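Beneath this line is the structure, given in structure tokens, with notes to follow.
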Amino acid sequence: MDGMAGTSSRVTWAVNLSAFILVVLWVLPTVGLLISSFRDRDQISASGWWTALSASEQNIQIRAAAPDEAQPEGSLWVIEGEVAEGGREVTAFGVNSRRPVEFAPGEVADRNGVAVTVTDTGAYRIAYPEKPEGSRGLRLFVTTVEPPRFTLENYETVLFSEGIGRSFLNTFTVTIPATVIPILIAAFAAYALAWMEFPGRALLIAVVVGLLVVPLQMALIPLLKLHNSIGIGKAYFGIWMAHTGFGLPLAIYLLRNYIAGLPKEVIESARVDGATDFDIFRRIVLPLSFPALASFAIFQFLWVWNDLLIATVFLGNNEDQLVMTGRLRELLGSRGGDWEILAASAFVSIAVPILVFFSMQRYLVRGLLAGSVKGG
Amino acid sequence: MATLQLDKLKKCYGEVEVIENLELSIEEGSFTVFVGPSGCGKSTLLRMIAGLEEITAGELRIDGARVNDATPVERGVSMVFQNYALYPHMSVEKNIAFGLKMLGLPKDDIKRRVRAAAETLQIEPLLKRRPSQLSGGQRQRVAIGRAIVREPKLFLFDEPLSNLDAELRVTMRVELAKLHRQIGATMIYVTHDQTEALTLADKIVVLRDGKIEQAGTPMELYLDPANAFVAGFIGSPQMNFIPVTATGIDGGIRLKGSEMGNLDVVPVGQGWSKDMTLNLGVRPEHLQVGSDFPVKFDIAVDVVENLGGTRYVYGGTAGGHQVIAETRADAIPRPGDHLTVGFDPERARFFDQQGVRLRNALPS
């Protein structure tokens with residue numbers, strides 16, 4: 001018995017460990033993206049997201065104040081100032097672009113007789129032997145330690161100036177009806193296919209199952225032609241209908257299986273109590289099917305939310321109709337180098353599905369049938 | 001309250017006939033129990049009466065009116081299911097009120113009637129709970145409450161107690177009997193448990209393979225079974241069947257078992273003949289341990305079941321037939337003992353090889 005227990009606990013450990021590794025593998029890139037979306041643009045290019053919490057070294061190049069402003073000090077003409085605001089710590093400086101970290105802070109660099117020094121608090125002092133002239137300040141190369149900086153600016157940019165906000169609304173306009181309509185239709189169909197006797201029922205179920213294997217890409221062009229000919233091509237109504245059509249086979253199949261599994265006696269009991277089919281559907285089957293409805297709603301919502309293909313085919317490319325996925329694709333083209341913008345956009349688009357999932361997932365695990373029948 | 005007539009009722013699933021030309025009449029206010037082995041069609045018959053199964057042929061009449069195509073509500077029936085079939089997402093109160101709501105009664109009325117039903121079944125404290133928060137017995141009470149609240153003409157019970165544990169089953173059985181007396185409605189009850197049938201019924205209908213084997217009061221079925229199937233099905237432990245041969249004598253027939261003494265009977269009705277082999281049936285409670293009986297034989301004890309007040313002795317005769325005899329004596333026989341058992345000829349019932357009852361009288 002001990003041996004068996006040992007084996008099973010080892011197996012449990014292996015399972016837990018692999019689950020943990022998988023979770024880390026899956027979550028890590030997302031975490032990176034999330035952190036990047038809050039980071040400053042310069043910091044993203046200077047260091048990886050995993051260093052976001054520690055300070056980073058940054059090479060900056062500044063121009064000192066104009067030589068005209070030099071003040072006499074004893075026999076020298078001196079300019080003083082700060083390399084950057086906020087008194088950042090300086091770890092090295094240089095006066096030549098080829099050797100930007102030549103000197104330690106506090107050392108005196110000699111540049112053609114001009115003595116340059118930068119302290120570790122970022123104050124510089126340039127001493128000229130005689131009164132200098134000109135308005136171009138001396139170039140200084142300074143390596144500073146940047147404190148970690150997090151910002152909401154990226155989100156602000158994304159939401160208000162890159163058009164993502166508008167696309168966000170467009171996506172909602174597509175997604176909500178495209179989730180609700182198929183559920184409404186499928187629930188009715190599923191009840192009828194599960195509990196009402198009519199000729200051809202088995203054939204109809206077989207057809208629905210058969211439709212599951214038809215790739216939707218095959219239907220895109222004929223469907224678009226149809227939409228164009230009846231005047232709903234490139235319109236929200238058209239894409240709702242398209243998503244509804246593509247979602248229905250799975251919806252009907254899923255819901256029918258669930259509804260057919262409801263205890264027969266409960267439905268017969270309602271029938272003996274005088275309920276019509278519609279009453280049974282509305283008062284018994286619908287409330288009891290909530291877990292199935294919720295799980296299908298999650299599926300359909302995520303699928304429509306993340307869809308690019310159908311939106312590209314059935315909606316236009318203008319401001320009023322461009323959805324999130326389309327906008328992200330455009331951003332990849334136009335702002336491909338701006339990681340902070342892409343990261344923030346990605347997160348705006350992820351946020352809603354995550355919210356939907358977490359608000360609905362408790363219905364997936366709740367035992368709604370408990371107590372209805374023996375053993376239920 | 002209603003009377004019910006089943007006139008040549010028939011049910012087919014495709015080619016298979018599960019109920020064949022069934023004739024039965026059920027009186028107002030009676031408690032009728034359909035009993036039979038599983039697969040005998042008793043539940044199907046009940047569901048046909050409820051309106052949940054279509055009637056293939058024949059006529060079903062409630063209070064004289066044909067109701068073959070009426071809905072359950074139009075028929076005025078309500079039904080209690082084996083596994084309660086409560087609506088899990090509704091409180092007990094809503095469960096009970098559901099049928100009334102479907103009838104479109106005013107809210108006050110519904111409330112009053114739900115209260116009354118809850119009071120009858122003593123489930124008022126449970127009204128706000130969900131079915132999942134109830135025990136098995138409480139759930140079955142709620143299911144019964146849901147049936148009585150509609151005040152139907154006819155109650156149908158489909159094995160309502162078979163999901164309960166043994167103790168609760170006895171309690172609920174008594175309560176059902178009380179409920180029947182209290183509301184006096186016509187009730188039809190399906191069970192495979194012959195104890196329930198015997199204790200509850202005014203009338204038992206024994207079914208086998210979609211046909212009625214016998215219908216009658218519990219005592220009729222017990223004392224005067226129409227055939228070997230009913231004789232064997234009713235009563236526990238099962239009736240003993242011992243083969244005997246008949247020889248003719250003056251004014252009657254002499255029966256001879258291989259190991260027991262002779263038994264003379266006077267044939268009544270059809271079926272008897274000389275030199276036939278038939279089965280003698282005697283119930284264990286009438287086959288007593290002891291030697292002061294007119295008909296007796298010896299058995300070797302195999303097993304003894306001690307039930308406290310009484311003991312059943314399972315043994316084999318010299319001819320190799322297994323019989324069960326009863327003893328109320330305090331001395332408990334042991335396996336291997338040889339005992340003499342016997343019975344009063346009045347208690348014997350006779351069946352031919354096909355199981356048909358052969359009626360008899362005893363020589364005076």
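We name chains A, B, ... following the order of the structure tokens; residues begin at 1 in each chain, and ligands are numbered from 1 as shown.
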
I need the alpha helix (DSSP H) residues of stretch 6-158 of chain B per DSSP on the backbone, written as a PDB file with N, CA and C atoms, in the first residue's frame.
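Contents of part.pdb, freshly written:
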ATOM      1  N   LYS B  42     -45.820  -2.430 -16.789  1.00  0.00           N
ATOM      2  CA  LYS B  42     -46.629  -1.697 -15.816  1.00  0.00           C
ATOM      3  C   LYS B  42     -46.392  -0.201 -15.864  1.00  0.00           C
ATOM      4  N   SER B  43     -45.107   0.203 -16.024  1.00  0.00           N
ATOM      5  CA  SER B  43     -44.827   1.639 -16.110  1.00  0.00           C
ATOM      6  C   SER B  43     -45.359   2.223 -17.404  1.00  0.00           C
ATOM      7  N   THR B  44     -45.237   1.475 -18.484  1.00  0.00           N
ATOM      8  CA  THR B  44     -45.775   1.938 -19.769  1.00  0.00           C
ATOM      9  C   THR B  44     -47.273   2.173 -19.643  1.00  0.00           C
ATOM     10  N   LEU B  45     -47.947   1.225 -18.996  1.00  0.00           N
ATOM     11  CA  LEU B  45     -49.389   1.349 -18.819  1.00  0.00           C
ATOM     12  C   LEU B  45     -49.720   2.617 -18.038  1.00  0.00           C
ATOM     13  N   LEU B  46     -48.944   2.867 -16.976  1.00  0.00           N
ATOM     14  CA  LEU B  46     -49.190   4.055 -16.161  1.00  0.00           C
ATOM     15  C   LEU B  46     -48.968   5.322 -16.990  1.00  0.00           C
ATOM     16  N   ARG B  47     -47.911   5.298 -17.800  1.00  0.00           N
ATOM     17  CA  ARG B  47     -47.611   6.475 -18.618  1.00  0.00           C
ATOM     18  C   ARG B  47     -48.666   6.680 -19.703  1.00  0.00           C
ATOM     19  N   MET B  48     -49.277   5.583 -20.152  1.00  0.00           N
ATOM     20  CA  MET B  48     -50.384   5.725 -21.108  1.00  0.00           C
ATOM     21  C   MET B  48     -51.577   6.375 -20.433  1.00  0.00           C
ATOM     22  N   ILE B  49     -51.803   6.009 -19.185  1.00  0.00           N
ATOM     23  CA  ILE B  49     -52.918   6.616 -18.453  1.00  0.00           C
ATOM     24  C   ILE B  49     -52.628   8.093 -18.201  1.00  0.00           C
ATOM     25  N   ALA B  50     -51.334   8.403 -17.945  1.00  0.00           N
ATOM     26  CA  ALA B  50     -50.959   9.792 -17.661  1.00  0.00           C
ATOM     27  C   ALA B  50     -51.033  10.662 -18.905  1.00  0.00           C
ATOM     28  N   PRO B  72     -52.393  15.607 -20.230  1.00  0.00           N
ATOM     29  CA  PRO B  72     -52.494  15.187 -18.828  1.00  0.00           C
ATOM     30  C   PRO B  72     -53.421  16.084 -18.013  1.00  0.00           C
ATOM     31  N   VAL B  73     -53.349  17.391 -18.265  1.00  0.00           N
ATOM     32  CA  VAL B  73     -54.178  18.310 -17.478  1.00  0.00           C
ATOM     33  C   VAL B  73     -55.651  18.115 -17.805  1.00  0.00           C
ATOM     34  N   GLU B  74     -55.940  17.937 -19.091  1.00  0.00           N
ATOM     35  CA  GLU B  74     -57.333  17.702 -19.476  1.00  0.00           C
ATOM     36  C   GLU B  74     -57.856  16.404 -18.874  1.00  0.00           C
ATOM     37  N   ARG B  75     -56.985  15.422 -18.738  1.00  0.00           N
ATOM     38  CA  ARG B  75     -57.401  14.160 -18.126  1.00  0.00           C
ATOM     39  C   ARG B  75     -57.612  14.307 -16.633  1.00  0.00           C
ATOM     40  N   VAL B  92     -38.940  24.907  -3.100  1.00  0.00           N
ATOM     41  CA  VAL B  92     -39.998  23.928  -2.883  1.00  0.00           C
ATOM     42  C   VAL B  92     -41.363  24.557  -3.178  1.00  0.00           C
ATOM     43  N   GLU B  93     -41.532  25.783  -2.697  1.00  0.00           N
ATOM     44  CA  GLU B  93     -42.810  26.470  -2.889  1.00  0.00           C
ATOM     45  C   GLU B  93     -43.129  26.607  -4.380  1.00  0.00           C
ATOM     46  N   LYS B  94     -42.131  27.022  -5.142  1.00  0.00           N
ATOM     47  CA  LYS B  94     -42.359  27.209  -6.582  1.00  0.00           C
ATOM     48  C   LYS B  94     -42.569  25.884  -7.285  1.00  0.00           C
ATOM     49  N   ASN B  95     -41.857  24.851  -6.803  1.00  0.00           N
ATOM     50  CA  ASN B  95     -42.062  23.521  -7.361  1.00  0.00           C
ATOM     51  C   ASN B  95     -43.520  23.114  -7.238  1.00  0.00           C
ATOM     52  N   ILE B  96     -44.063  23.320  -6.031  1.00  0.00           N
ATOM     53  CA  ILE B  96     -45.437  22.893  -5.792  1.00  0.00           C
ATOM     54  C   ILE B  96     -46.407  23.781  -6.568  1.00  0.00           C
ATOM     55  N   ALA B  97     -46.042  25.073  -6.678  1.00  0.00           N
ATOM     56  CA  ALA B  97     -46.965  26.013  -7.310  1.00  0.00           C
ATOM     57  C   ALA B  97     -46.948  25.929  -8.834  1.00  0.00           C
ATOM     58  N   PHE B  98     -45.946  25.237  -9.387  1.00  0.00           N
ATOM     59  CA  PHE B  98     -45.737  25.271 -10.845  1.00  0.00           C
ATOM     60  C   PHE B  98     -46.991  24.876 -11.633  1.00  0.00           C
ATOM     61  N   GLY B  99     -47.601  23.766 -11.233  1.00  0.00           N
ATOM     62  CA  GLY B  99     -48.773  23.285 -11.958  1.00  0.00           C
ATOM     63  C   GLY B  99     -49.922  24.280 -11.904  1.00  0.00           C
ATOM     64  N   LEU B 100     -50.094  24.909 -10.727  1.00  0.00           N
ATOM     65  CA  LEU B 100     -51.184  25.879 -10.572  1.00  0.00           C
ATOM     66  C   LEU B 100     -50.923  27.118 -11.422  1.00  0.00           C
ATOM     67  N   LYS B 101     -49.638  27.505 -11.479  1.00  0.00           N
ATOM     68  CA  LYS B 101     -49.249  28.651 -12.282  1.00  0.00           C
ATOM     69  C   LYS B 101     -49.556  28.374 -13.757  1.00  0.00           C
ATOM     70  N   MET B 102     -49.291  27.147 -14.166  1.00  0.00           N
ATOM     71  CA  MET B 102     -49.549  26.769 -15.557  1.00  0.00           C
ATOM     72  C   MET B 102     -51.047  26.812 -15.857  1.00  0.00           C
ATOM     73  N   LEU B 103     -51.859  26.573 -14.802  1.00  0.00           N
ATOM     74  CA  LEU B 103     -53.311  26.644 -14.990  1.00  0.00           C
ATOM     75  C   LEU B 103     -53.784  28.089 -15.033  1.00  0.00           C
ATOM     76  N   LYS B 107     -52.769  34.562  -7.911  1.00  0.00           N
ATOM     77  CA  LYS B 107     -51.658  34.341  -6.985  1.00  0.00           C
ATOM     78  C   LYS B 107     -52.104  33.942  -5.580  1.00  0.00           C
ATOM     79  N   ASP B 108     -53.152  34.616  -5.084  1.00  0.00           N
ATOM     80  CA  ASP B 108     -53.620  34.328  -3.716  1.00  0.00           C
ATOM     81  C   ASP B 108     -54.072  32.886  -3.598  1.00  0.00           C
ATOM     82  N   ASP B 109     -54.783  32.463  -4.640  1.00  0.00           N
ATOM     83  CA  ASP B 109     -55.282  31.092  -4.690  1.00  0.00           C
ATOM     84  C   ASP B 109     -54.141  30.093  -4.629  1.00  0.00           C
ATOM     85  N   ILE B 110     -53.125  30.384  -5.463  1.00  0.00           N
ATOM     86  CA  ILE B 110     -51.971  29.493  -5.525  1.00  0.00           C
ATOM     87  C   ILE B 110     -51.339  29.389  -4.145  1.00  0.00           C
ATOM     88  N   LYS B 111     -51.147  30.550  -3.531  1.00  0.00           N
ATOM     89  CA  LYS B 111     -50.476  30.585  -2.240  1.00  0.00           C
ATOM     90  C   LYS B 111     -51.246  29.757  -1.212  1.00  0.00           C
ATOM     91  N   ARG B 112     -52.558  29.946  -1.214  1.00  0.00           N
ATOM     92  CA  ARG B 112     -53.404  29.248  -0.246  1.00  0.00           C
ATOM     93  C   ARG B 112     -53.312  27.737  -0.462  1.00  0.00           C
ATOM     94  N   ARG B 113     -53.374  27.329  -1.715  1.00  0.00           N
ATOM     95  CA  ARG B 113     -53.372  25.898  -1.983  1.00  0.00           C
ATOM     96  C   ARG B 113     -52.013  25.262  -1.729  1.00  0.00           C
ATOM     97  N   VAL B 114     -50.952  26.021  -2.009  1.00  0.00           N
ATOM     98  CA  VAL B 114     -49.612  25.492  -1.717  1.00  0.00           C
ATOM     99  C   VAL B 114     -49.456  25.287  -0.219  1.00  0.00           C
ATOM    100  N   ARG B 115     -49.922  26.291   0.550  1.00  0.00           N
ATOM    101  CA  ARG B 115     -49.860  26.171   2.017  1.00  0.00           C
ATOM    102  C   ARG B 115     -50.614  24.925   2.482  1.00  0.00           C
ATOM    103  N   ALA B 116     -51.803  24.749   1.935  1.00  0.00           N
ATOM    104  CA  ALA B 116     -52.635  23.626   2.367  1.00  0.00           C
ATOM    105  C   ALA B 116     -51.950  22.299   2.054  1.00  0.00           C
ATOM    106  N   ALA B 117     -51.369  22.214   0.862  1.00  0.00           N
ATOM    107  CA  ALA B 117     -50.694  20.972   0.482  1.00  0.00           C
ATOM    108  C   ALA B 117     -49.485  20.737   1.378  1.00  0.00           C
ATOM    109  N   ALA B 118     -48.745  21.820   1.655  1.00  0.00           N
ATOM    110  CA  ALA B 118     -47.558  21.697   2.499  1.00  0.00           C
ATOM    111  C   ALA B 118     -47.944  21.239   3.894  1.00  0.00           C
ATOM    112  N   GLU B 119     -49.100  21.741   4.348  1.00  0.00           N
ATOM    113  CA  GLU B 119     -49.567  21.361   5.679  1.00  0.00           C
ATOM    114  C   GLU B 119     -49.904  19.870   5.710  1.00  0.00           C
ATOM    115  N   THR B 120     -50.617  19.420   4.687  1.00  0.00           N
ATOM    116  CA  THR B 120     -50.981  18.012   4.610  1.00  0.00           C
ATOM    117  C   THR B 120     -49.746  17.122   4.702  1.00  0.00           C
ATOM    118  N   LEU B 121     -48.677  17.553   4.049  1.00  0.00           N
ATOM    119  CA  LEU B 121     -47.479  16.704   3.981  1.00  0.00           C
ATOM    120  C   LEU B 121     -46.436  17.085   5.028  1.00  0.00           C
ATOM    121  N   GLY B 136     -33.775  12.627   0.763  1.00  0.00           N
ATOM    122  CA  GLY B 136     -34.582  11.850  -0.174  1.00  0.00           C
ATOM    123  C   GLY B 136     -36.057  11.813   0.198  1.00  0.00           C
ATOM    124  N   GLY B 137     -36.339  11.574   1.474  1.00  0.00           N
ATOM    125  CA  GLY B 137     -37.727  11.500   1.913  1.00  0.00           C
ATOM    126  C   GLY B 137     -38.445  12.831   1.742  1.00  0.00           C
ATOM    127  N   GLN B 138     -37.718  13.910   2.054  1.00  0.00           N
ATOM    128  CA  GLN B 138     -38.324  15.239   1.907  1.00  0.00           C
ATOM    129  C   GLN B 138     -38.609  15.544   0.441  1.00  0.00           C
ATOM    130  N   ARG B 139     -37.676  15.155  -0.417  1.00  0.00           N
ATOM    131  CA  ARG B 139     -37.881  15.393  -1.850  1.00  0.00           C
ATOM    132  C   ARG B 139     -39.125  14.653  -2.338  1.00  0.00           C
ATOM    133  N   GLN B 140     -39.277  13.405  -1.878  1.00  0.00           N
ATOM    134  CA  GLN B 140     -40.424  12.641  -2.339  1.00  0.00           C
ATOM    135  C   GLN B 140     -41.720  13.269  -1.818  1.00  0.00           C
ATOM    136  N   ARG B 141     -41.665  13.824  -0.600  1.00  0.00           N
ATOM    137  CA  ARG B 141     -42.836  14.526  -0.081  1.00  0.00           C
ATOM    138  C   ARG B 141     -43.187  15.718  -0.952  1.00  0.00           C
ATOM    139  N   VAL B 142     -42.147  16.459  -1.357  1.00  0.00           N
ATOM    140  CA  VAL B 142     -42.391  17.618  -2.217  1.00  0.00           C
ATOM    141  C   VAL B 142     -43.019  17.154  -3.537  1.00  0.00           C
ATOM    142  N   ALA B 143     -42.485  16.046  -4.060  1.00  0.00           N
ATOM    143  CA  ALA B 143     -43.040  15.527  -5.317  1.00  0.00           C
ATOM    144  C   ALA B 143     -44.509  15.161  -5.142  1.00  0.00           C
ATOM    145  N   ILE B 144     -44.837  14.588  -3.982  1.00  0.00           N
ATOM    146  CA  ILE B 144     -46.237  14.245  -3.725  1.00  0.00           C
ATOM    147  C   ILE B 144     -47.063  15.523  -3.566  1.00  0.00           C
ATOM    148  N   GLY B 145     -46.452  16.517  -2.903  1.00  0.00           N
ATOM    149  CA  GLY B 145     -47.135  17.800  -2.736  1.00  0.00           C
ATOM    150  C   GLY B 145     -47.467  18.419  -4.074  1.00  0.00           C
ATOM    151  N   ARG B 146     -46.546  18.302  -4.999  1.00  0.00           N
ATOM    152  CA  ARG B 146     -46.762  18.858  -6.326  1.00  0.00           C
ATOM    153  C   ARG B 146     -47.935  18.154  -7.017  1.00  0.00           C
ATOM    154  N   ALA B 147     -48.105  16.864  -6.663  1.00  0.00           N
ATOM    155  CA  ALA B 147     -49.218  16.129  -7.276  1.00  0.00           C
ATOM    156  C   ALA B 147     -50.544  16.488  -6.627  1.00  0.00           C
ATOM    157  N   ILE B 148     -50.569  16.594  -5.288  1.00  0.00           N
ATOM    158  CA  ILE B 148     -51.876  16.783  -4.641  1.00  0.00           C
ATOM    159  C   ILE B 148     -52.385  18.211  -4.762  1.00  0.00           C
TER     160      ILE B 148
END

Practice prompt. Considering only C-alpha atoms, extract the chain B residues located within 8 Å of chain A and return them as a PyMOL selection string.
Written response: chain B and resi 50-52+71-73+77-81+83-89+98-100+102-103+130-134+136+163

Next, dump the selected residues to file, keeping only N, CA and C atoms, as a PDB file, in the first residue's frame.
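Writing the result to result30.pdb gives the following:
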ATOM      1  N   ALA B  50     -51.334   8.403 -17.945  1.00  0.00           N
ATOM      2  CA  ALA B  50     -50.959   9.792 -17.661  1.00  0.00           C
ATOM      3  C   ALA B  50     -51.033  10.662 -18.905  1.00  0.00           C
ATOM      4  N   GLY B  51     -50.893  10.040 -20.085  1.00  0.00           N
ATOM      5  CA  GLY B  51     -50.856  10.837 -21.303  1.00  0.00           C
ATOM      6  C   GLY B  51     -49.448  11.128 -21.750  1.00  0.00           C
ATOM      7  N   LEU B  52     -48.479  10.401 -21.207  1.00  0.00           N
ATOM      8  CA  LEU B  52     -47.090  10.592 -21.635  1.00  0.00           C
ATOM      9  C   LEU B  52     -46.707   9.626 -22.752  1.00  0.00           C
ATOM     10  N   THR B  71     -54.628  15.946 -23.098  1.00  0.00           N
ATOM     11  CA  THR B  71     -53.374  16.203 -22.391  1.00  0.00           C
ATOM     12  C   THR B  71     -53.528  15.757 -20.943  1.00  0.00           C
ATOM     13  N   PRO B  72     -52.393  15.607 -20.230  1.00  0.00           N
ATOM     14  CA  PRO B  72     -52.494  15.187 -18.828  1.00  0.00           C
ATOM     15  C   PRO B  72     -53.421  16.084 -18.013  1.00  0.00           C
ATOM     16  N   VAL B  73     -53.349  17.391 -18.265  1.00  0.00           N
ATOM     17  CA  VAL B  73     -54.178  18.310 -17.478  1.00  0.00           C
ATOM     18  C   VAL B  73     -55.651  18.115 -17.805  1.00  0.00           C
ATOM     19  N   VAL B  77     -55.066  14.245 -14.365  1.00  0.00           N
ATOM     20  CA  VAL B  77     -54.189  13.345 -13.632  1.00  0.00           C
ATOM     21  C   VAL B  77     -52.967  14.109 -13.146  1.00  0.00           C
ATOM     22  N   SER B  78     -52.355  13.604 -12.076  1.00  0.00           N
ATOM     23  CA  SER B  78     -51.028  14.096 -11.729  1.00  0.00           C
ATOM     24  C   SER B  78     -50.191  12.891 -11.348  1.00  0.00           C
ATOM     25  N   MET B  79     -48.889  13.066 -11.448  1.00  0.00           N
ATOM     26  CA  MET B  79     -48.020  11.902 -11.376  1.00  0.00           C
ATOM     27  C   MET B  79     -46.821  12.169 -10.474  1.00  0.00           C
ATOM     28  N   VAL B  80     -46.453  11.147  -9.728  1.00  0.00           N
ATOM     29  CA  VAL B  80     -45.241  11.213  -8.900  1.00  0.00           C
ATOM     30  C   VAL B  80     -44.238  10.230  -9.496  1.00  0.00           C
ATOM     31  N   PHE B  81     -43.039  10.727  -9.776  1.00  0.00           N
ATOM     32  CA  PHE B  81     -42.055   9.898 -10.463  1.00  0.00           C
ATOM     33  C   PHE B  81     -41.118   9.215  -9.475  1.00  0.00           C
ATOM     34  N   ASN B  83     -37.859   9.043  -9.466  1.00  0.00           N
ATOM     35  CA  ASN B  83     -36.710   9.823  -8.981  1.00  0.00           C
ATOM     36  C   ASN B  83     -37.098  11.279  -8.718  1.00  0.00           C
ATOM     37  N   TYR B  84     -38.309  11.469  -8.223  1.00  0.00           N
ATOM     38  CA  TYR B  84     -38.832  12.762  -7.748  1.00  0.00           C
ATOM     39  C   TYR B  84     -39.084  13.770  -8.859  1.00  0.00           C
ATOM     40  N   ALA B  85     -38.103  13.945  -9.783  1.00  0.00           N
ATOM     41  CA  ALA B  85     -38.285  14.877 -10.889  1.00  0.00           C
ATOM     42  C   ALA B  85     -38.694  16.268 -10.420  1.00  0.00           C
ATOM     43  N   LEU B  86     -38.039  16.756  -9.376  1.00  0.00           N
ATOM     44  CA  LEU B  86     -38.299  18.129  -8.942  1.00  0.00           C
ATOM     45  C   LEU B  86     -37.580  19.088  -9.886  1.00  0.00           C
ATOM     46  N   TYR B  87     -38.058  20.332  -9.914  1.00  0.00           N
ATOM     47  CA  TYR B  87     -37.378  21.340 -10.723  1.00  0.00           C
ATOM     48  C   TYR B  87     -36.258  21.912  -9.867  1.00  0.00           C
ATOM     49  N   PRO B  88     -35.006  21.615 -10.205  1.00  0.00           N
ATOM     50  CA  PRO B  88     -33.912  21.894  -9.282  1.00  0.00           C
ATOM     51  C   PRO B  88     -33.643  23.379  -9.073  1.00  0.00           C
ATOM     52  N   HIS B  89     -34.069  24.209 -10.018  1.00  0.00           N
ATOM     53  CA  HIS B  89     -33.751  25.631  -9.903  1.00  0.00           C
ATOM     54  C   HIS B  89     -34.844  26.412  -9.209  1.00  0.00           C
ATOM     55  N   PHE B  98     -45.946  25.237  -9.387  1.00  0.00           N
ATOM     56  CA  PHE B  98     -45.737  25.271 -10.845  1.00  0.00           C
ATOM     57  C   PHE B  98     -46.991  24.876 -11.633  1.00  0.00           C
ATOM     58  N   GLY B  99     -47.601  23.766 -11.233  1.00  0.00           N
ATOM     59  CA  GLY B  99     -48.773  23.285 -11.958  1.00  0.00           C
ATOM     60  C   GLY B  99     -49.922  24.280 -11.904  1.00  0.00           C
ATOM     61  N   LEU B 100     -50.094  24.909 -10.727  1.00  0.00           N
ATOM     62  CA  LEU B 100     -51.184  25.879 -10.572  1.00  0.00           C
ATOM     63  C   LEU B 100     -50.923  27.118 -11.422  1.00  0.00           C
ATOM     64  N   MET B 102     -49.291  27.147 -14.166  1.00  0.00           N
ATOM     65  CA  MET B 102     -49.549  26.769 -15.557  1.00  0.00           C
ATOM     66  C   MET B 102     -51.047  26.812 -15.857  1.00  0.00           C
ATOM     67  N   LEU B 103     -51.859  26.573 -14.802  1.00  0.00           N
ATOM     68  CA  LEU B 103     -53.311  26.644 -14.990  1.00  0.00           C
ATOM     69  C   LEU B 103     -53.784  28.089 -15.033  1.00  0.00           C
ATOM     70  N   ARG B 130     -34.292  24.821  -1.577  1.00  0.00           N
ATOM     71  CA  ARG B 130     -34.127  24.238  -2.905  1.00  0.00           C
ATOM     72  C   ARG B 130     -34.138  22.718  -2.782  1.00  0.00           C
ATOM     73  N   PRO B 131     -34.531  22.018  -3.830  1.00  0.00           N
ATOM     74  CA  PRO B 131     -34.522  20.546  -3.767  1.00  0.00           C
ATOM     75  C   PRO B 131     -33.173  19.965  -3.346  1.00  0.00           C
ATOM     76  N   SER B 132     -32.071  20.632  -3.749  1.00  0.00           N
ATOM     77  CA  SER B 132     -30.759  20.070  -3.423  1.00  0.00           C
ATOM     78  C   SER B 132     -30.488  20.100  -1.925  1.00  0.00           C
ATOM     79  N   GLN B 133     -31.264  20.905  -1.187  1.00  0.00           N
ATOM     80  CA  GLN B 133     -31.031  20.992   0.252  1.00  0.00           C
ATOM     81  C   GLN B 133     -31.927  20.034   1.029  1.00  0.00           C
ATOM     82  N   LEU B 134     -32.625  19.148   0.335  1.00  0.00           N
ATOM     83  CA  LEU B 134     -33.559  18.252   1.005  1.00  0.00           C
ATOM     84  C   LEU B 134     -33.031  16.826   1.005  1.00  0.00           C
ATOM     85  N   GLY B 136     -33.775  12.627   0.763  1.00  0.00           N
ATOM     86  CA  GLY B 136     -34.582  11.850  -0.174  1.00  0.00           C
ATOM     87  C   GLY B 136     -36.057  11.813   0.198  1.00  0.00           C
ATOM     88  N   ASN B 163     -36.579   4.576  -4.506  1.00  0.00           N
ATOM     89  CA  ASN B 163     -35.287   5.225  -4.321  1.00  0.00           C
ATOM     90  C   ASN B 163     -34.971   5.538  -2.861  1.00  0.00           C
TER      91      ASN B 163
END

Item to complete: In Å, rounded to a single decimal, give me how far atom CA of A:Asp320 is from atom CA of A:Leu248.
Response: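 Straight-line distance from atom CA of A:Leu248 to atom CA of A:Asp320 works out to 27.0 Å.
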
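You will find atom CA of A:Gly231 at 24.4 Å from atom CA of A:Trp305.
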
Item to complete: Go through B:Asp224, B:Lys274, B:Pro267, B:Arg328 one by one, measure the shortest atom-to-atom distance of each to B:Gly248 using only C-alpha atoms, and give the residue with the smallest value.
Response: B:Lys274

Discussion item. Just to confirm, what's the straight-line distance from atom CA of A:Leu193 to atom CA of A:Pro249 in Å (one decimal)?
Written reply: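 Computed distance, atom CA of A:Leu193 to atom CA of A:Pro249, equals 12.6 Å.
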
Would you mind listing what lies within 7 Å of B:Ile253 as a short mmCIF file (atom, residue, chain, number, x, y, z; two decimals) with N, CA and C atoms, in the first residue's frame, with only C-alpha atoms counted and same-chain residues fewer than 5 positions away left out?
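Saved to result-v3.cif:
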data_model
loop_
_atom_site.label_atom_id
_atom_site.label_comp_id
_atom_site.auth_asym_id
_atom_site.auth_seq_id
_atom_site.Cartn_x
_atom_site.Cartn_y
_atom_site.Cartn_z
N ALA B 246 -51.40 -37.73 -10.31
CA ALA B 246 -52.80 -37.98 -9.96
C ALA B 246 -53.20 -39.39 -10.38
N THR B 247 -53.90 -40.08 -9.51
CA THR B 247 -54.52 -41.36 -9.90
C THR B 247 -55.97 -41.29 -9.50
N GLY B 248 -56.81 -41.91 -10.27
CA GLY B 248 -58.24 -41.83 -10.00
C GLY B 248 -58.63 -42.72 -8.84
N ASP B 264 -56.03 -36.85 -0.94
CA ASP B 264 -57.20 -37.00 -1.80
C ASP B 264 -57.88 -35.66 -1.97
N VAL B 265 -58.27 -35.34 -3.23
CA VAL B 265 -58.99 -34.11 -3.49
C VAL B 265 -60.17 -34.39 -4.39
N VAL B 266 -61.14 -33.48 -4.35
CA VAL B 266 -62.29 -33.59 -5.24
C VAL B 266 -62.13 -32.51 -6.30
#
